[in-house]
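K.L.:
Please find entry26.cif (mmCIF, C-alpha atoms) on the next line:
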data_start
loop_
_atom_site.label_atom_id
_atom_site.label_comp_id
_atom_site.auth_asym_id
_atom_site.auth_seq_id
_atom_site.Cartn_x
_atom_site.Cartn_y
_atom_site.Cartn_z
CA MET A 17 -10.44 31.88 11.58
CA LEU A 18 -11.77 29.06 9.51
CA PHE A 19 -9.63 26.04 8.72
CA ARG A 20 -10.75 22.99 6.79
CA VAL A 21 -9.26 19.54 6.60
CA ASN A 22 -10.23 16.56 4.52
CA GLN A 23 -10.06 13.29 6.43
CA SER A 24 -10.24 11.13 3.33
CA SER A 25 -7.45 12.83 1.38
CA GLY A 26 -4.19 10.94 1.61
CA VAL A 27 -2.37 13.94 2.99
CA PRO A 28 -1.68 13.67 6.74
CA LEU A 29 -3.97 15.96 8.72
CA TYR A 30 -1.18 17.88 10.42
CA LEU A 31 0.28 18.72 7.02
CA GLN A 32 -3.10 19.88 5.75
CA LEU A 33 -3.31 22.19 8.76
CA THR A 34 0.17 23.65 8.29
CA GLY A 35 -0.81 24.24 4.67
CA GLN A 36 -3.98 26.01 5.76
CA VAL A 37 -2.10 28.30 8.13
CA LYS A 38 0.51 29.14 5.49
CA HIS A 39 -2.24 29.83 3.00
CA ALA A 40 -4.03 32.06 5.48
CA ILE A 41 -0.83 34.08 5.97
CA GLU A 42 -0.26 34.26 2.25
CA THR A 43 -3.72 35.58 1.50
CA GLY A 44 -3.72 38.02 4.39
CA ALA A 45 -6.37 36.19 6.41
CA LEU A 46 -3.71 36.07 9.10
CA HIS A 47 -1.33 38.99 9.58
CA PRO A 48 2.19 38.88 11.04
CA GLY A 49 1.86 39.28 14.79
CA GLU A 50 -1.74 38.11 14.81
CA GLN A 51 -2.79 35.41 17.26
CA LEU A 52 -3.78 31.97 16.02
CA PRO A 53 -6.73 30.16 17.53
CA THR A 54 -5.78 27.91 20.43
CA ILE A 55 -5.00 24.25 19.81
CA ARG A 56 -8.11 23.41 21.76
CA LYS A 57 -10.34 25.62 19.63
CA VAL A 58 -9.02 24.21 16.36
CA ALA A 59 -9.41 20.64 17.68
CA GLU A 60 -12.98 21.34 18.76
CA ASP A 61 -14.01 23.22 15.63
CA LEU A 62 -12.61 20.61 13.27
CA VAL A 63 -13.34 17.72 15.65
CA MET A 64 -9.83 16.39 15.31
CA ASN A 65 -7.21 15.11 17.68
CA PRO A 66 -5.56 17.93 19.66
CA ASN A 67 -2.16 16.24 19.37
CA THR A 68 -2.44 16.49 15.60
CA VAL A 69 -3.14 20.20 15.91
CA ALA A 70 -0.24 20.52 18.34
CA ARG A 71 2.02 18.76 15.86
CA ALA A 72 1.01 21.18 13.11
CA TYR A 73 1.74 24.14 15.37
CA ARG A 74 5.12 22.63 16.31
CA GLU A 75 6.02 22.22 12.64
CA LEU A 76 5.06 25.81 11.94
CA GLU A 77 7.09 26.98 14.91
CA HIS A 78 10.04 24.89 13.71
CA GLU A 79 9.80 26.54 10.30
CA GLY A 80 9.72 29.94 11.93
CA ILE A 81 6.27 30.75 10.62
CA ILE A 82 4.68 31.06 14.06
CA GLU A 83 5.95 31.83 17.53
CA VAL A 84 4.59 30.11 20.60
CA LYS A 85 4.64 32.34 23.66
CA HIS A 86 4.17 30.24 26.76
CA GLY A 87 0.96 31.21 28.46
CA SER A 88 -0.25 33.63 25.79
CA GLY A 89 -0.62 31.44 22.74
CA ALA A 90 0.64 31.13 19.19
CA PHE A 91 1.28 34.13 17.00
CA VAL A 92 2.20 34.56 13.37
CA SER A 93 5.89 35.53 13.18
CA GLN A 94 6.78 39.04 12.11
CA SER A 95 9.09 37.46 9.56
CA ALA A 96 6.35 35.21 8.18
CA ALA A 97 6.29 37.23 4.99
CA GLY A 98 9.43 35.29 3.99
CA PRO A 99 7.79 32.00 3.03
CA THR A 100 5.33 33.85 0.79
CA LYS A 101 8.08 34.72 -1.71
CA VAL A 102 9.00 31.05 -1.99
CA LEU A 103 5.36 30.14 -2.34
CA ARG A 104 4.90 32.68 -5.12
CA LYS A 105 7.84 31.21 -7.00
CA ALA A 106 6.48 27.72 -6.40
CA GLN A 107 3.07 28.77 -7.63
CA ALA A 108 4.62 29.91 -10.92
CA VAL A 109 6.33 26.54 -11.34
CA VAL A 110 3.11 24.65 -10.68
CA GLN A 111 1.14 26.90 -13.00
CA THR A 112 3.54 26.24 -15.91
CA ALA A 113 3.61 22.51 -15.21
CA ILE A 114 -0.16 22.22 -15.06
CA GLU A 115 -0.63 24.21 -18.26
CA ARG A 116 1.75 21.86 -20.04
CA LEU A 117 0.09 18.74 -18.63
CA ALA A 118 -3.32 20.06 -19.61
CA SER A 119 -2.02 20.63 -23.14
CA PHE A 120 -1.22 16.89 -23.28
CA GLY A 121 -4.94 16.36 -22.90
CA LEU A 122 -4.86 15.06 -19.32
CA THR A 123 -7.87 15.57 -17.08
CA ASP A 124 -7.70 17.30 -13.68
CA GLU A 125 -8.00 13.95 -11.94
CA GLU A 126 -5.14 12.46 -13.96
CA ILE A 127 -2.88 15.43 -13.25
CA ARG A 128 -3.74 15.29 -9.55
CA ARG A 129 -2.94 11.58 -9.38
CA LEU A 130 0.38 12.03 -11.14
CA ILE A 131 1.39 14.67 -8.62
CA GLU A 132 0.21 12.62 -5.63
CA ASN A 133 2.13 9.61 -6.94
CA GLU A 134 5.35 11.57 -7.11
CA LEU A 135 4.78 13.06 -3.68
CA ALA A 136 4.13 9.65 -2.17
CA LEU A 137 7.35 8.28 -3.66
CA LEU A 138 9.27 11.35 -2.54
CA ARG A 139 7.88 10.98 0.98
CA THR A 140 8.96 7.37 1.28
CA GLU A 141 12.36 8.18 -0.17
CA LYS A 142 12.79 10.91 2.43
CA SER A 143 11.78 8.66 5.28
CA ARG A 144 14.23 6.06 4.05
CA GLU A 145 17.06 8.57 4.26
CA GLU A 146 16.12 9.54 7.82
CA MET B 16 2.03 10.64 36.23
CA ASN B 17 2.33 7.27 34.50
CA ASP B 18 3.34 6.92 30.88
CA PHE B 19 0.43 4.55 30.31
CA ALA B 20 -3.12 4.92 31.54
CA ILE B 21 -3.84 1.30 30.61
CA GLU B 22 -1.39 -1.57 30.22
CA ALA B 23 -2.49 -5.10 29.43
CA ARG B 24 -0.15 -8.02 28.90
CA GLY B 25 -1.14 -11.47 27.69
CA LEU B 26 -4.80 -11.03 28.59
CA ARG B 27 -6.83 -14.24 28.35
CA LYS B 28 -10.52 -14.97 28.71
CA SER B 29 -12.61 -17.96 27.69
CA PHE B 30 -16.34 -18.52 27.69
CA LYS B 31 -17.59 -22.11 27.60
CA GLY B 32 -14.54 -23.33 25.72
CA HIS B 33 -14.53 -20.45 23.29
CA SER B 34 -11.58 -18.15 23.80
CA ALA B 35 -12.58 -14.50 23.55
CA LEU B 36 -9.17 -13.10 24.48
CA ASN B 37 -6.04 -14.93 23.42
CA GLY B 38 -3.09 -13.11 24.87
CA LEU B 39 -4.06 -9.50 24.27
CA ASP B 40 -1.38 -6.84 24.69
CA LEU B 41 -2.40 -3.22 24.97
CA ARG B 42 -0.64 0.00 25.94
CA VAL B 43 -2.64 3.18 26.09
CA PRO B 44 -0.38 6.23 26.63
CA THR B 45 -1.62 8.82 29.10
CA GLY B 46 -3.22 11.74 27.29
CA SER B 47 -3.83 9.84 24.07
CA ILE B 48 -7.10 9.24 22.29
CA PHE B 49 -6.93 5.51 21.62
CA GLY B 50 -9.23 3.78 19.15
CA PHE B 51 -9.89 0.10 19.77
CA LEU B 52 -11.09 -1.61 16.61
CA GLY B 53 -12.23 -5.07 15.72
CA ARG B 54 -15.02 -7.12 14.27
CA ASN B 55 -17.94 -8.20 16.37
CA GLY B 56 -16.87 -11.08 18.56
CA ALA B 57 -13.18 -10.16 18.29
CA GLY B 58 -12.93 -9.43 22.00
CA LYS B 59 -13.56 -5.68 22.33
CA THR B 60 -16.41 -5.82 24.82
CA SER B 61 -14.70 -8.51 26.93
CA THR B 62 -11.67 -6.27 27.19
CA ILE B 63 -13.74 -3.30 28.28
CA LYS B 64 -15.67 -5.40 30.81
CA ILE B 65 -12.37 -6.54 32.31
CA LEU B 66 -11.21 -2.93 32.52
CA MET B 67 -14.46 -2.05 34.27
CA GLY B 68 -13.89 -4.81 36.78
CA ALA B 69 -17.13 -6.45 35.65
CA LEU B 70 -15.33 -9.50 34.34
CA LYS B 71 -12.33 -11.41 35.64
CA SER B 72 -9.66 -12.45 33.18
CA ASP B 73 -8.38 -16.03 33.01
CA GLY B 74 -4.79 -14.93 32.64
CA GLY B 75 -2.46 -12.04 31.97
CA GLU B 76 -2.06 -8.71 33.74
CA VAL B 77 -3.83 -5.41 33.52
CA SER B 78 -2.73 -2.17 35.14
CA VAL B 79 -4.65 1.07 35.15
CA PHE B 80 -2.74 4.22 36.15
CA GLY B 81 0.17 1.88 36.88
CA GLU B 82 -1.75 -0.15 39.44
CA PRO B 83 -2.68 -3.81 38.86
CA ILE B 84 -6.45 -4.26 38.85
CA SER B 85 -6.07 -7.77 40.21
CA VAL B 86 -5.47 -6.20 43.61
CA ALA B 87 -9.00 -5.56 44.85
CA SER B 88 -8.01 -2.67 47.11
CA ASN B 89 -6.70 -0.82 44.06
CA MET B 90 -10.02 -0.97 42.26
CA VAL B 91 -11.89 1.51 44.46
CA GLY B 92 -9.31 4.20 43.87
CA ILE B 93 -8.98 3.35 40.21
CA ARG B 94 -12.75 3.39 39.55
CA ARG B 95 -13.01 6.89 40.98
CA ARG B 96 -10.66 8.17 38.32
CA ILE B 97 -12.41 6.55 35.37
CA GLY B 98 -15.55 7.52 33.51
CA PHE B 99 -17.43 4.86 31.58
CA VAL B 100 -19.70 5.43 28.64
CA THR B 101 -21.26 2.11 27.71
CA GLU B 102 -24.66 0.98 26.60
CA ASP B 103 -25.79 -0.68 29.79
CA LYS B 104 -29.50 -1.13 29.85
CA GLU B 105 -29.51 -2.30 33.45
CA LEU B 106 -28.28 1.08 34.56
CA TYR B 107 -30.75 3.07 36.65
CA PRO B 108 -33.96 1.97 34.87
CA TYR B 109 -36.33 3.79 37.22
CA MET B 110 -34.43 6.98 37.75
CA THR B 111 -34.69 10.34 36.09
CA VAL B 112 -31.70 12.23 34.75
CA GLU B 113 -31.65 14.39 37.85
CA GLN B 114 -31.86 11.39 40.18
CA VAL B 115 -29.01 9.62 38.41
CA ILE B 116 -26.82 12.67 38.91
CA ARG B 117 -27.71 12.96 42.59
CA PHE B 118 -27.24 9.22 43.09
CA THR B 119 -23.80 9.21 41.42
CA ARG B 120 -22.43 12.29 43.11
CA PRO B 121 -21.53 10.94 46.59
CA PHE B 122 -19.32 8.22 45.15
CA PHE B 123 -16.87 10.74 43.79
CA PRO B 124 -14.88 13.06 46.05
CA LYS B 125 -13.81 15.20 43.11
CA TRP B 126 -17.39 15.87 41.97
CA ARG B 127 -18.11 19.35 40.63
CA ASP B 128 -21.71 20.51 40.80
CA ASP B 129 -20.99 23.46 38.55
CA LEU B 130 -19.83 21.14 35.78
CA ALA B 131 -22.90 18.91 36.15
CA LYS B 132 -25.11 21.97 35.85
CA ARG B 133 -23.21 23.38 32.89
CA TYR B 134 -23.31 20.15 30.94
CA LEU B 135 -26.93 19.44 31.80
CA SER B 136 -27.84 22.57 29.88
CA ARG B 137 -25.11 22.19 27.23
CA PHE B 138 -26.28 18.67 26.39
CA GLU B 139 -29.92 19.76 26.65
CA LEU B 140 -30.78 16.82 28.90
CA PRO B 141 -34.29 17.03 30.42
CA PRO B 142 -33.72 16.59 34.18
CA GLY B 143 -37.13 15.03 34.85
CA ARG B 144 -37.01 12.40 32.11
CA LYS B 145 -36.64 8.74 33.02
CA ILE B 146 -33.62 6.89 31.67
CA PRO B 147 -35.51 4.39 29.45
CA ASP B 148 -37.26 7.36 27.79
CA LEU B 149 -33.99 8.94 26.76
CA SER B 150 -32.69 8.49 23.24
CA LYS B 151 -29.43 6.59 22.89
CA GLY B 152 -27.63 9.83 22.15
CA MET B 153 -28.97 11.39 25.33
CA ARG B 154 -27.93 8.37 27.39
CA SER B 155 -24.40 8.62 26.04
CA LYS B 156 -24.34 12.34 26.81
CA LEU B 157 -25.59 11.68 30.34
CA MET B 158 -22.77 9.25 30.94
CA LEU B 159 -20.32 11.78 29.55
CA LEU B 160 -21.78 14.36 31.91
CA LEU B 161 -21.17 12.08 34.88
CA ALA B 162 -17.58 11.42 33.78
CA ILE B 163 -16.90 15.12 33.25
CA SER B 164 -18.48 16.10 36.57
CA HIS B 165 -16.35 13.71 38.57
CA ARG B 166 -13.22 14.82 36.70
CA ALA B 167 -12.38 11.41 35.27
CA GLU B 168 -8.76 11.16 34.12
CA LEU B 169 -9.56 8.23 31.87
CA LEU B 170 -12.64 7.86 29.73
CA ILE B 171 -13.57 4.37 28.56
CA LEU B 172 -16.26 4.28 25.89
CA ASP B 173 -17.83 1.25 24.24
CA GLU B 174 -19.03 2.15 20.73
CA PRO B 175 -20.02 5.67 21.81
CA THR B 176 -21.48 6.81 18.50
CA ASP B 177 -23.28 3.61 17.53
CA GLY B 178 -26.89 4.33 16.62
CA LEU B 179 -26.53 8.06 17.05
CA ASP B 180 -27.84 10.59 14.56
CA PRO B 181 -25.17 12.65 12.76
CA LEU B 182 -25.64 15.68 15.00
CA ALA B 183 -25.30 13.64 18.17
CA VAL B 184 -22.21 11.97 16.69
CA GLU B 185 -20.56 15.35 16.15
CA ASP B 186 -21.50 16.45 19.67
CA VAL B 187 -20.03 13.35 21.30
CA LEU B 188 -16.84 13.43 19.24
CA ARG B 189 -16.40 17.12 19.93
CA GLU B 190 -16.78 16.58 23.68
CA ILE B 191 -14.20 13.82 23.61
CA VAL B 192 -11.76 16.02 21.73
CA SER B 193 -12.51 18.95 24.02
CA LEU B 194 -11.82 16.89 27.14
CA ALA B 195 -8.58 15.62 25.72
CA ALA B 196 -7.48 19.12 24.75
CA ALA B 197 -8.59 20.97 27.87
CA GLU B 198 -7.93 18.42 30.59
CA GLY B 199 -5.50 15.99 29.02
CA THR B 200 -8.04 13.24 29.65
CA THR B 201 -6.97 9.88 28.27
CA VAL B 202 -9.66 8.40 26.04
CA PHE B 203 -10.00 4.70 25.24
CA PHE B 204 -12.89 3.86 22.96
CA SER B 205 -14.01 0.94 20.89
CA SER B 206 -15.72 1.66 17.61
CA HIS B 207 -16.82 0.36 14.25
CA GLN B 208 -16.92 3.82 12.78
CA LEU B 209 -13.49 3.87 11.22
CA THR B 210 -13.82 7.33 9.68
CA GLU B 211 -14.60 8.74 13.11
CA VAL B 212 -11.70 6.93 14.70
CA GLU B 213 -9.50 8.30 11.96
CA ARG B 214 -10.56 11.83 12.85
CA ILE B 215 -9.98 11.85 16.55
CA ALA B 216 -7.67 9.00 17.53
CA ASP B 217 -3.92 9.41 17.65
CA ARG B 218 -3.32 5.75 18.48
CA ILE B 219 -5.17 2.61 17.54
CA ALA B 220 -5.18 -1.13 18.03
CA ILE B 221 -6.96 -3.68 15.89
CA ILE B 222 -8.08 -6.77 17.74
CA ASP B 223 -8.83 -9.96 15.86
CA ARG B 224 -9.62 -13.33 17.40
CA GLY B 225 -8.59 -12.14 20.83
CA ARG B 226 -5.19 -10.64 19.96
CA ALA B 227 -3.94 -7.23 18.92
CA ILE B 228 -2.77 -7.64 15.33
CA VAL B 229 -1.98 -4.02 14.61
CA SER B 230 -1.23 -1.27 17.07
CA GLY B 231 0.55 2.04 17.22
CA SER B 232 0.35 5.66 16.32
CA LEU B 233 -2.19 6.34 13.60
CA ASP B 234 0.15 8.78 11.87
CA ASP B 235 2.91 6.17 11.72
CA LEU B 236 0.53 3.52 10.43
CA LYS B 237 -0.74 5.74 7.65
CA ALA B 238 2.79 6.72 6.73
CA ARG B 239 3.89 3.09 6.71
CA TYR B 240 1.09 1.76 4.54
CA GLN B 241 0.54 2.69 0.91
CA ARG B 242 -1.38 1.02 -1.86
CA LEU B 243 0.39 0.07 -5.03
CA HIS B 244 -1.79 -0.50 -8.05
CA VAL B 245 -0.16 -2.29 -10.97
CA VAL B 246 -1.94 -2.80 -14.27
CA PHE B 247 -0.46 -5.04 -16.97
CA GLN B 248 -1.12 -5.16 -20.67
CA GLU B 249 -1.93 -8.83 -20.42
CA VAL B 250 -2.65 -11.23 -17.59
CA LEU B 251 0.60 -12.36 -15.99
CA ARG B 252 1.53 -15.92 -16.74
CA ALA B 253 3.64 -16.54 -13.65
CA PRO B 254 3.05 -15.14 -10.15
CA VAL B 255 5.48 -12.43 -9.08
CA GLN B 256 7.82 -12.92 -6.14
CA TRP B 257 7.46 -9.50 -4.60
CA VAL B 258 10.29 -8.00 -2.55
CA GLN B 259 9.80 -7.37 1.13
CA GLY B 260 6.97 -5.06 2.08
CA ALA B 261 4.19 -6.50 -0.07
CA GLU B 262 1.87 -7.32 2.76
CA HIS B 263 -1.34 -8.22 0.97
CA VAL B 264 -1.44 -8.91 -2.74
CA ARG B 265 -4.71 -9.23 -4.63
CA GLN B 266 -4.84 -10.04 -8.30
CA GLU B 267 -7.83 -9.56 -10.54
CA GLY B 268 -7.33 -10.10 -14.24
CA ARG B 269 -4.67 -7.69 -15.43
CA SER B 270 -4.60 -5.70 -12.20
CA ILE B 271 -2.66 -6.33 -9.04
CA SER B 272 -3.31 -4.40 -5.85
CA ILE B 273 -0.63 -4.46 -3.17
CA LEU B 274 -0.93 -3.18 0.37
CA ALA B 275 2.67 -2.13 0.90
CA SER B 276 4.14 -1.81 4.38
CA GLY B 277 7.34 0.18 4.06
CA ASN B 278 9.86 -0.44 1.27
CA LEU B 279 7.57 1.34 -1.16
CA GLN B 280 10.39 2.60 -3.37
CA ALA B 281 11.78 -0.90 -4.01
CA LEU B 282 8.34 -2.35 -4.61
CA ALA B 283 7.42 0.41 -7.04
CA GLU B 284 10.71 -0.11 -8.91
CA GLN B 285 10.12 -3.84 -9.08
CA ALA B 286 6.58 -3.25 -10.35
CA ARG B 287 7.76 -0.79 -12.97
CA SER B 288 10.44 -3.22 -14.18
CA LEU B 289 7.82 -5.80 -15.07
CA PRO B 290 6.91 -5.86 -18.76
CA GLY B 291 3.92 -3.74 -19.73
CA ALA B 292 3.27 -2.54 -16.20
CA SER B 293 1.84 0.82 -15.20
CA VAL B 294 2.13 1.71 -11.53
CA GLU B 295 0.13 4.03 -9.32
CA VAL B 296 0.50 4.80 -5.63
CA PHE B 297 -2.48 5.57 -3.41
CA PRO B 298 -2.66 6.58 0.25
CA VAL B 299 -4.35 4.09 2.50
CA THR B 300 -7.29 4.79 4.76
CA LEU B 301 -7.73 3.24 8.18
CA LYS B 302 -10.61 1.25 6.73
CA GLU B 303 -8.31 -0.38 4.21
CA ILE B 304 -5.70 -1.18 6.84
CA PHE B 305 -8.47 -2.69 8.95
CA LEU B 306 -10.12 -4.71 6.19
CA ASP B 307 -6.86 -6.03 4.79
CA HIS B 308 -5.70 -7.26 8.16
CA VAL B 309 -8.97 -8.70 9.34
CA ARG B 310 -10.44 -10.11 6.15
CA GLU B 311 -7.74 -12.62 5.33
CA GLY B 312 -6.86 -13.40 8.91
CA ASN B 313 -3.28 -13.76 10.12
#
What would the structure in this file look like if it were written as structure tokens?
P.N.:
Amino acid sequence: MLFRVNQSSGVPLYLQLTGQVKHAIETGALHPGEQLPTIRKVAEDLVMNPNTVARAYRELEHEGIIEVKHGSGAFVSQSAAGPTKVLRKAQAVVQTAIERLASFGLTDEEIRRLIENELALLRTEKSREE
Amino acid sequence: MNDFAIEARGLRKSFKGHSALNGLDLRVPTGSIFGFLGRNGAGKTSTIKILMGALKSDGGEVSVFGEPISVASNMVGIRRRIGFVTEDKELYPYMTVEQVIRFTRPFFPKWRDDLAKRYLSRFELPPGRKIPDLSKGMRSKLMLLLAISHRAELLILDEPTDGLDPLAVEDVLREIVSLAAAEGTTVFFSSHQLTEVERIADRIAIIDRGRAIVSGSLDDLKARYQRLHVVFQEVLRAPVQWVQGAEHVRQEGRSISILASGNLQALAEQARSLPGASVEVFPVTLKEIFLDHVREGN
């Protein structure tokens, strides 16, 4: 199971990891019921802080995407197929948006920055509400 | 089990009238990987020497595993639970790798021969080679081996990847992460390599002129800080009175760069309301947080 994270991207590492796991489930690299690598293994392979990995796993468990069985490890939930439908819908939205933005003549980098900008503002708005 | 492996309060140390530590506060939670950052001469090595018991502070309190290190009888017990990885050239200059291991062993009741053997081969350390003939990377790995073999609960490292080739860097970082994950070992390390700290630390402190000017969870810090980039159509005639949160403001021609600490929404709105302004938000790296705090001084 190969995960990749980018330390220099602005996205928090634990979020990148949850994204990687969700993507793996979506593409069939991970099946419902299949075991995830241990926190330790992911931390060692990616040379990242184990608490960050643990946080990603906790988030995924909270969202019902994985189940943590004490003593045996973390497994992809049987119901993990659920999020994929949402992701497919979301993918359609993003595809339309990007096609439109590209038709304005924007470069990839410009589009990416616009999206990151909005996400950053959304994130701070959310944390203000909390 | 204590909440904090290391706790320092108001630590002071002077050398010939120059104050190296000026009231340093530090709290290293048990089980964390704690990055200790600062410019050369900021007080990092003095702090580590005090933690090692090699230097006496002039004031303040330090506790390790909840026990004050000022009480001499505590130090023996404390030292047995700590592993140090520092560049100490006076260490064992005439011994071979094997001799160092045999010499170190009797000091530690929790020593595990099987671990020493395993890591000797894992780190590919030549048992018959003398210490001065080892590369820096090998010396660091040897010290890690000793710490692992005596089951240290706390690892204190002084610039562990300095001068190491990229492969050795990966090896050392991976071992640190592995120890933290497998044994819950607390790791306290000083470093200049901010990208490495960013990878493995979950908490950091930045020391400048003998005091901790920034400290906390790395996640929280990166969530708190954002960079706001504002570009105007023409150079501003009057300086802007930014709302709260604009921590460091740098202006160059028609561009203004703001390191924002919280309150991003209000700052962005204020920026956007200025005539002819275009606003962009960027995430902030640890390097930027470090440079912005240390460059201008507080």
K.L.:
Extract, using only C-alpha atoms, all DNA, RNA and protein residues at most 8 Å from Gly89 (chain A), discarding same-chain residues fewer than 2 positions from it, and format them as number ranges by chain.
P.N.:
A: 51-52, 54, 84-87, 91
K.L.:
Can I get the selection written as a compact mmCIF listing (two decimals), keeping the file's coordinate frame, with C-alpha atoms?
P.N.:
# COMPACT_ATOMS: atom_id res chain seq x y z
CA GLN A 51 -2.79 35.41 17.26
CA LEU A 52 -3.78 31.97 16.02
CA THR A 54 -5.78 27.91 20.43
CA VAL A 84 4.59 30.11 20.60
CA LYS A 85 4.64 32.34 23.66
CA HIS A 86 4.17 30.24 26.76
CA GLY A 87 0.96 31.21 28.46
CA PHE A 91 1.28 34.13 17.00
K.L.:
Taking only C-alpha atoms into account, which residues of chain B are within 6 Å of chain A, as number ranges by chain?
P.N.:
B: 189, 193, 196, 214-215, 296, 298
K.L.:
Pick out the closest residue to Leu26 (chain B) from this set: B:Gln208, B:Ser78, B:Ser276, B:Asn55. Count all atoms listed in the file.
P.N.:
B:Ser78
K.L.:
Excluding region 78-81 of chain A and residues on its chain fewer than 5 positions from it, collect all residues at most 12 Å away from it, counting all atoms listed in the file, and give them as a ChimeraX atom specification.
P.N.:
/A:34-35,37-42,46-50,52,71-73,90-100
K.L.:
One decimal, Å: what's the distance from CA of Ala195 (chain B) over to CA of Ile163 (chain B), could you say?
P.N.:
11.2 Å
K.L.:
As an exercise, work out the distance from CA of Leu282 (chain B) to CA of Tyr240 (chain B) in Å and give it to one decimal place.
P.N.:
12.4 Å
K.L.:
If the PyMOL selection byres ((chain B and resi 246-261) around 9) were run on this exact file, what residues would it hold? Put them as a list in words.
P.N.:
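When the PyMOL selection byres ((chain B and resi 246-261) around 9) is applied, the selected residues are His244, Val245, Glu262, His263, Val264, Glu267, Gly268, Arg269, Ser270, Ile271, Ser272, Ile273, Leu274, Ala275, Ser276, Gly277, Asn278, Leu279, Ala281, Leu282, Gln285, Ala286, Leu289, Pro290, Gly291, Ala292, Ser293, Val294 and Glu295 of chain B.
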K.L.:
Decode the PyMOL selection byres ((chain B and resi 34) around 12) for the given file into explicit residues and return them as a PyMOL selection string.
P.N.:
chain B and resi 26-33+35-39+56-58+61+72-74+223-226
K.L.:
Care to translate the PyMOL selection byres ((chain B and resi 120) around 12) into actual residues of this file, as a ChimeraX atom specification?
P.N.:
/B:95,113-119,121-128,130-131,160-166
K.L.:
For Val184 (chain B), find every residue with an atom within 12 Å (counting only C-alpha atoms), except residues of its own chain fewer than 3 positions away, and show them as a list in words.
P.N.:
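My list of contacting residues is Val63 of chain A; Lys151, Gly152, Met153, Ser155, Lys156, Glu174, Pro175, Thr176, Asp177, Gly178, Leu179, Asp180, Pro181, Val187, Leu188, Arg189, Glu190, Ile191, Gln208, Thr210, Glu211 and Val212 of chain B.
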K.L.:
Compare B:Gly199, B:Gly68, B:Gly75, B:Pro108 by their minimum atom-to-atom distance to Met90 (chain B), counting only C-alpha atoms, and give me the closest one.
P.N.:
B:Gly68
K.L.:
Can you pull out every residue within 9 Å of Leu135 (chain B), counting all atoms listed in the file, but drop anything in the same chain fewer than 6 positions away, and send it as a PyMOL selection string?
P.N.:
chain B and resi 141-142+157+160
